[in-house]
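**Q** Structure in structure tokens, see below.
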Amino acid sequence: MIAGCSFIGTPESATAPVQTAEYLPSSVSPRYCEYTVKLDIQPSERIVTGVERIKIINTTNQLLDKIYINAPLNAFSEDAEAQPVFNEFMEKVYPEGVNYGYIKFSNVSVDGDKADFNLEDTVLIVDLADAVPPNEWTELKMELEAKIPIMNHRTGSDEDSMWFGNFLPALAVYDDDGWHTDSYYPVGDPFFREAANFSVSITAPQEYTVAGPGIPATYEKDGKKTTEFTAKLARGFAFTLSRRYTSESLISPSNIEINLYTFSNTARKAELLDLASRSLEYFSDRIGSYPYSQLTIAETRLFNKGGMEYPGVIFIDSNFLAESDNLESVTHEIGHQWFYNIIGNNQIDDAWMDEGLDSFVQEGFLLNDAELDEKMQMEYADLKAVISQIKPNTLDSGLGEFKNWLDYYNIHYLRGKLMFYSLYKKIGKTDFDSFLVEYNRRFTFRMAYPNDLIQTAEDVSGSDLSAFFNDWINNPELPPLI
Ligand SMILES: [Zn+2]
């Protein structure tokens, strides 16, 4: 996209002195959507009830008569249209057997008036009785009820803990291609969101600790504890809760408070905090400042022995903490604070823009130039040997085209990473690092599309890179590495 970096926002948020404001390019005055959410969680039933309000501005140039909301949890309901998990991962996602959840909506209103709505699998479509003209605001309010499956995934639960990644129903992106109401896919990160501002209040039994972005305010009443978060400029809101959490903190050299919440008895807390601190410093130095004053790392149960990135929050899988020899994926997830959260992209159509670029920049955290050359040449040889057997095998392949996770990994992480290494060798380290800084400056809390990334690289290097990128993105053959 994107014509308008932001389809959404409130007048207040455009001028409010939020903690990220100094990083926004001065030429940009995006208007961000405002989410105000109150949730009540009953962990024993795994039920969530609540009210969600979204203030939306029509930045299209036409009358708006419908609003589309993505509700990914319904991909995990019993009557979902497609299986949300590849067969190869079913036992890891559902170790106790398949189990379903849902999210449903009621009392939907627009600007105080009852509105007609229709929930179609993972998409809620709300009719606007009075069409909203361009540049006008409207407020959507809906009551919701959700059941969280017992599963090891981005959203899930066990007997002591619940975690909510990509849970909160979110406004779909509207761009030059119209509304993006993609369904859920079992591969990749099937999410595409604008940056927004969030005020989220979570009430749960008082023995539960709730972790989310930043430092919340809490108060207790009648055996329940309410935890209130404010997250400004974030491409989503994720949180966790557990009655077994303990927490430890570390202040990074740049004064970022890193808070680690764990429920298992891991001996690696100091190692993890130190790695997170050094990773934050590395990406900040190379791309641009980390925009928040805190980073939360929360132990959950994922199926992939790794992590999952959210704005200001990282989920780390419990088995990964217990068994992994190295914690490298923590560095990778921290890199996603820039590649996807700060600099947005369509993770469904163009996953290489965040996975490929993050994977390449991540290599510089551990490797010197000679080690980088050696590793990239080995990985290139390995990929070249199998590329003709991978389908699809070009970077312009969307998530819906992949039939297994390894093919997706080989293309969007590996082919993408090798393309950025090839670019690095082609334009040189100085121009490549200028490209990272400029790309971040142009698209901070906006949305970048492939042509935006290519244009930025061309502007910084002063060279025509269209044939280079076309070959790497669209040619089934793997182009030369150097
Ligand atoms: Zn990643």
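Chain lettering (A, B, ...) mirrors the order of the structure tokens, residue numbering begins at 1 for each chain separately, and ligand numbering begins at 1 in order of display.
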Using only C-alpha atoms and all ligand atoms, which residues of the polymer chains come no farther than 10 Å from ligand 1? I'd like the answer as a PyMOL selection string.
**A** chain A and resi 188-189+306-309+329-336+339-340+351-352+354-359+409+412-413
**Q** Kindly export the residues of the current selection with N, CA and C atoms, as a compact mmCIF listing (two decimals), in the first residue's frame.
**A**
```
# COMPACT_ATOMS: atom_id res chain seq x y z
N GLY A 188 3.09 -19.08 8.48
CA GLY A 188 3.46 -17.67 8.58
C GLY A 188 2.70 -16.95 9.67
N ASP A 189 2.74 -15.63 9.62
CA ASP A 189 2.00 -14.78 10.55
C ASP A 189 0.88 -14.12 9.74
N GLY A 306 10.02 -21.61 19.95
CA GLY A 306 10.64 -20.36 19.57
C GLY A 306 9.90 -19.23 20.23
N GLY A 307 9.72 -18.17 19.48
CA GLY A 307 9.04 -17.01 20.04
C GLY A 307 8.03 -16.46 19.06
N MET A 308 7.28 -15.47 19.54
CA MET A 308 6.33 -14.77 18.68
C MET A 308 6.36 -13.30 19.08
N GLU A 309 6.42 -12.46 18.07
CA GLU A 309 6.62 -11.04 18.32
C GLU A 309 5.32 -10.27 18.38
N SER A 329 16.59 -17.04 18.90
CA SER A 329 15.32 -16.54 18.38
C SER A 329 14.82 -15.34 19.19
N VAL A 330 15.35 -15.14 20.39
CA VAL A 330 14.99 -13.91 21.12
C VAL A 330 15.46 -12.69 20.34
N THR A 331 16.67 -12.77 19.79
CA THR A 331 17.19 -11.67 18.97
C THR A 331 16.29 -11.46 17.76
N HIS A 332 15.89 -12.56 17.13
CA HIS A 332 15.02 -12.46 15.95
C HIS A 332 13.70 -11.76 16.31
N GLU A 333 13.08 -12.18 17.40
CA GLU A 333 11.78 -11.57 17.77
C GLU A 333 11.96 -10.10 18.12
N ILE A 334 13.07 -9.75 18.72
CA ILE A 334 13.31 -8.33 19.02
C ILE A 334 13.48 -7.55 17.72
N GLY A 335 14.11 -8.14 16.72
CA GLY A 335 14.22 -7.47 15.42
C GLY A 335 12.87 -7.15 14.81
N HIS A 336 11.88 -7.98 15.11
CA HIS A 336 10.52 -7.73 14.60
C HIS A 336 9.89 -6.48 15.22
N PHE A 339 10.87 -4.59 12.18
CA PHE A 339 10.35 -5.14 10.91
C PHE A 339 9.02 -5.83 11.14
N TYR A 340 8.02 -5.10 10.99
CA TYR A 340 6.60 -5.33 11.06
C TYR A 340 5.94 -4.37 12.06
N ALA A 351 5.70 -11.57 3.08
CA ALA A 351 6.33 -11.95 4.36
C ALA A 351 7.84 -11.72 4.36
N TRP A 352 8.47 -11.76 3.18
CA TRP A 352 9.93 -11.53 3.11
C TRP A 352 10.31 -10.15 3.62
N ASP A 354 9.40 -8.58 6.23
CA ASP A 354 9.79 -8.61 7.65
C ASP A 354 10.65 -9.84 7.98
N GLU A 355 10.27 -11.02 7.53
CA GLU A 355 11.05 -12.21 7.91
C GLU A 355 12.44 -12.23 7.25
N GLY A 356 12.48 -11.89 5.96
CA GLY A 356 13.76 -11.92 5.26
C GLY A 356 14.71 -10.84 5.76
N LEU A 357 14.17 -9.63 5.91
CA LEU A 357 15.03 -8.52 6.34
C LEU A 357 15.46 -8.69 7.80
N ASP A 358 14.53 -9.09 8.65
CA ASP A 358 14.90 -9.35 10.05
C ASP A 358 15.97 -10.45 10.12
N SER A 359 15.77 -11.53 9.36
CA SER A 359 16.72 -12.64 9.41
C SER A 359 18.10 -12.20 8.95
N TYR A 409 9.43 -21.31 5.06
CA TYR A 409 10.67 -20.86 5.68
C TYR A 409 11.77 -20.69 4.62
N HIS A 412 10.51 -17.34 2.34
CA HIS A 412 10.41 -15.98 2.90
C HIS A 412 11.50 -15.65 3.91
N TYR A 413 11.97 -16.63 4.68
CA TYR A 413 13.09 -16.35 5.58
C TYR A 413 14.42 -16.44 4.82
```
**Q** Would you give me, as a list in words, the residues in region 56-91 of chain A that DSSP reads as strand (DSSP E or B)?
**A**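 Written out, the strand (DSSP E or B) residues of region 56-91 of chain A are Ile56, Ile57, Leu64, Asp65, Lys66, Ile67, Tyr68, Ile69 and Asn70 of chain A.
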**Q** For a quick check of understanding, using only C-alpha atoms, which of A:Arg243, A:Arg193, A:Arg278, A:Lys425 has the smallest distance to Pro43 (chain A)?
**A**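 Smallest separation from Pro43 (chain A) among the options: A:Arg243.
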**Q** Considering only C-alpha atoms, state which residue in the set A:Met142, A:Val361, A:Ile69, A:Ile287 is at the smallest distance from Thr122 (chain A).
**A**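 For Thr122 (chain A), the nearest of the given residues is A:Ile69.
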**Q** Considering only C-alpha atoms, can you say which of A:Ile314, A:Tyr439, A:Leu302, A:Glu477 comes closest to Gln389 (chain A)?
**A**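 Between A:Ile314, A:Tyr439, A:Leu302, A:Glu477, the residue approaching Gln389 (chain A) most closely is A:Glu477.
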**Q** When you look at Thr138 (chain A) with a cut-off of 7 Å (counting only C-alpha atoms), what residues show up, excluding the ones that are within fewer than 5 positions of it in the same chain? I need them as a list in words.
**A**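 So, after excluding close chain neighbours, the residues are Lys55, Ile56, Ile57, Val110 and Asp111 of chain A.
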**Q** Write a file of the just-selected residues containing N, CA and C atoms, as a PDB file, in the first residue's frame.
**A**
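To be explicit, this is the file written out as selection_11.pdb:
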```pdb
ATOM      1  N   LYS A  55     -12.388   3.742  17.546  1.00  0.00           N
ATOM      2  CA  LYS A  55     -12.631   5.004  16.836  1.00  0.00           C
ATOM      3  C   LYS A  55     -11.901   4.954  15.512  1.00  0.00           C
ATOM      4  N   ILE A  56     -12.631   5.261  14.451  1.00  0.00           N
ATOM      5  CA  ILE A  56     -12.126   5.059  13.101  1.00  0.00           C
ATOM      6  C   ILE A  56     -12.359   6.329  12.284  1.00  0.00           C
ATOM      7  N   ILE A  57     -11.380   6.698  11.475  1.00  0.00           N
ATOM      8  CA  ILE A  57     -11.592   7.805  10.534  1.00  0.00           C
ATOM      9  C   ILE A  57     -11.579   7.253   9.117  1.00  0.00           C
ATOM     10  N   VAL A 110     -22.896   1.646  16.243  1.00  0.00           N
ATOM     11  CA  VAL A 110     -22.045   2.624  15.572  1.00  0.00           C
ATOM     12  C   VAL A 110     -22.523   4.008  15.999  1.00  0.00           C
ATOM     13  N   ASP A 111     -21.647   4.767  16.602  1.00  0.00           N
ATOM     14  CA  ASP A 111     -21.979   6.097  17.119  1.00  0.00           C
ATOM     15  C   ASP A 111     -23.245   6.058  17.984  1.00  0.00           C
TER      16      ASP A 111
END
```
**Q** Mind checking which residues fall within 9 Å of Pro169 (chain A), counting only C-alpha atoms, ignoring those fewer than 4 positions away in the same chain, and posting them as a ChimeraX atom specification?
**A** /A:52,69-73,124
**Q** Work out how far CA of Ala115 (chain A) is from CA of Ala129 (chain A), in Å to one decimal.
**A**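 One can read the CA of Ala129 (chain A) to CA of Ala115 (chain A) distance as 7.1 Å.
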**Q** Figure out the distance between CA of Arg244 (chain A) and CA of Thr209 (chain A), please, to one decimal in Å.
**A** 7.9 Å
**Q** What lies within 6 Å of Lys66 (chain A) using only C-alpha atoms, ignoring chain neighbours under 2 positions off, as a list in words?
**A**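 Here the qualifying residues turn out to be Leu64, Val126, Asp127 and Leu128 of chain A.
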**Q** Kindly provide the residues of region 128-227 of chain A that approach region 441-461 of chain A to within 10 Å, each paired with its closest atom pair and their distance in Å to one decimal, based on only C-alpha atoms, listed by chain and increasing number, as a Markdown table.
**A**
```
| residue | atom | partner | partner_atom | distance |
| --- | --- | --- | --- | --- |
| A:Asp175 | CA | A:Met447 | CA | 9.8 |
| A:Phe192 | CA | A:Met447 | CA | 9.8 |
| A:Arg193 | CA | A:Met447 | CA | 9.0 |
| A:Glu194 | CA | A:Arg446 | CA | 7.4 |
| A:Ala195 | CA | A:Phe445 | CA | 5.9 |
| A:Ala196 | CA | A:Phe445 | CA | 8.8 |
```
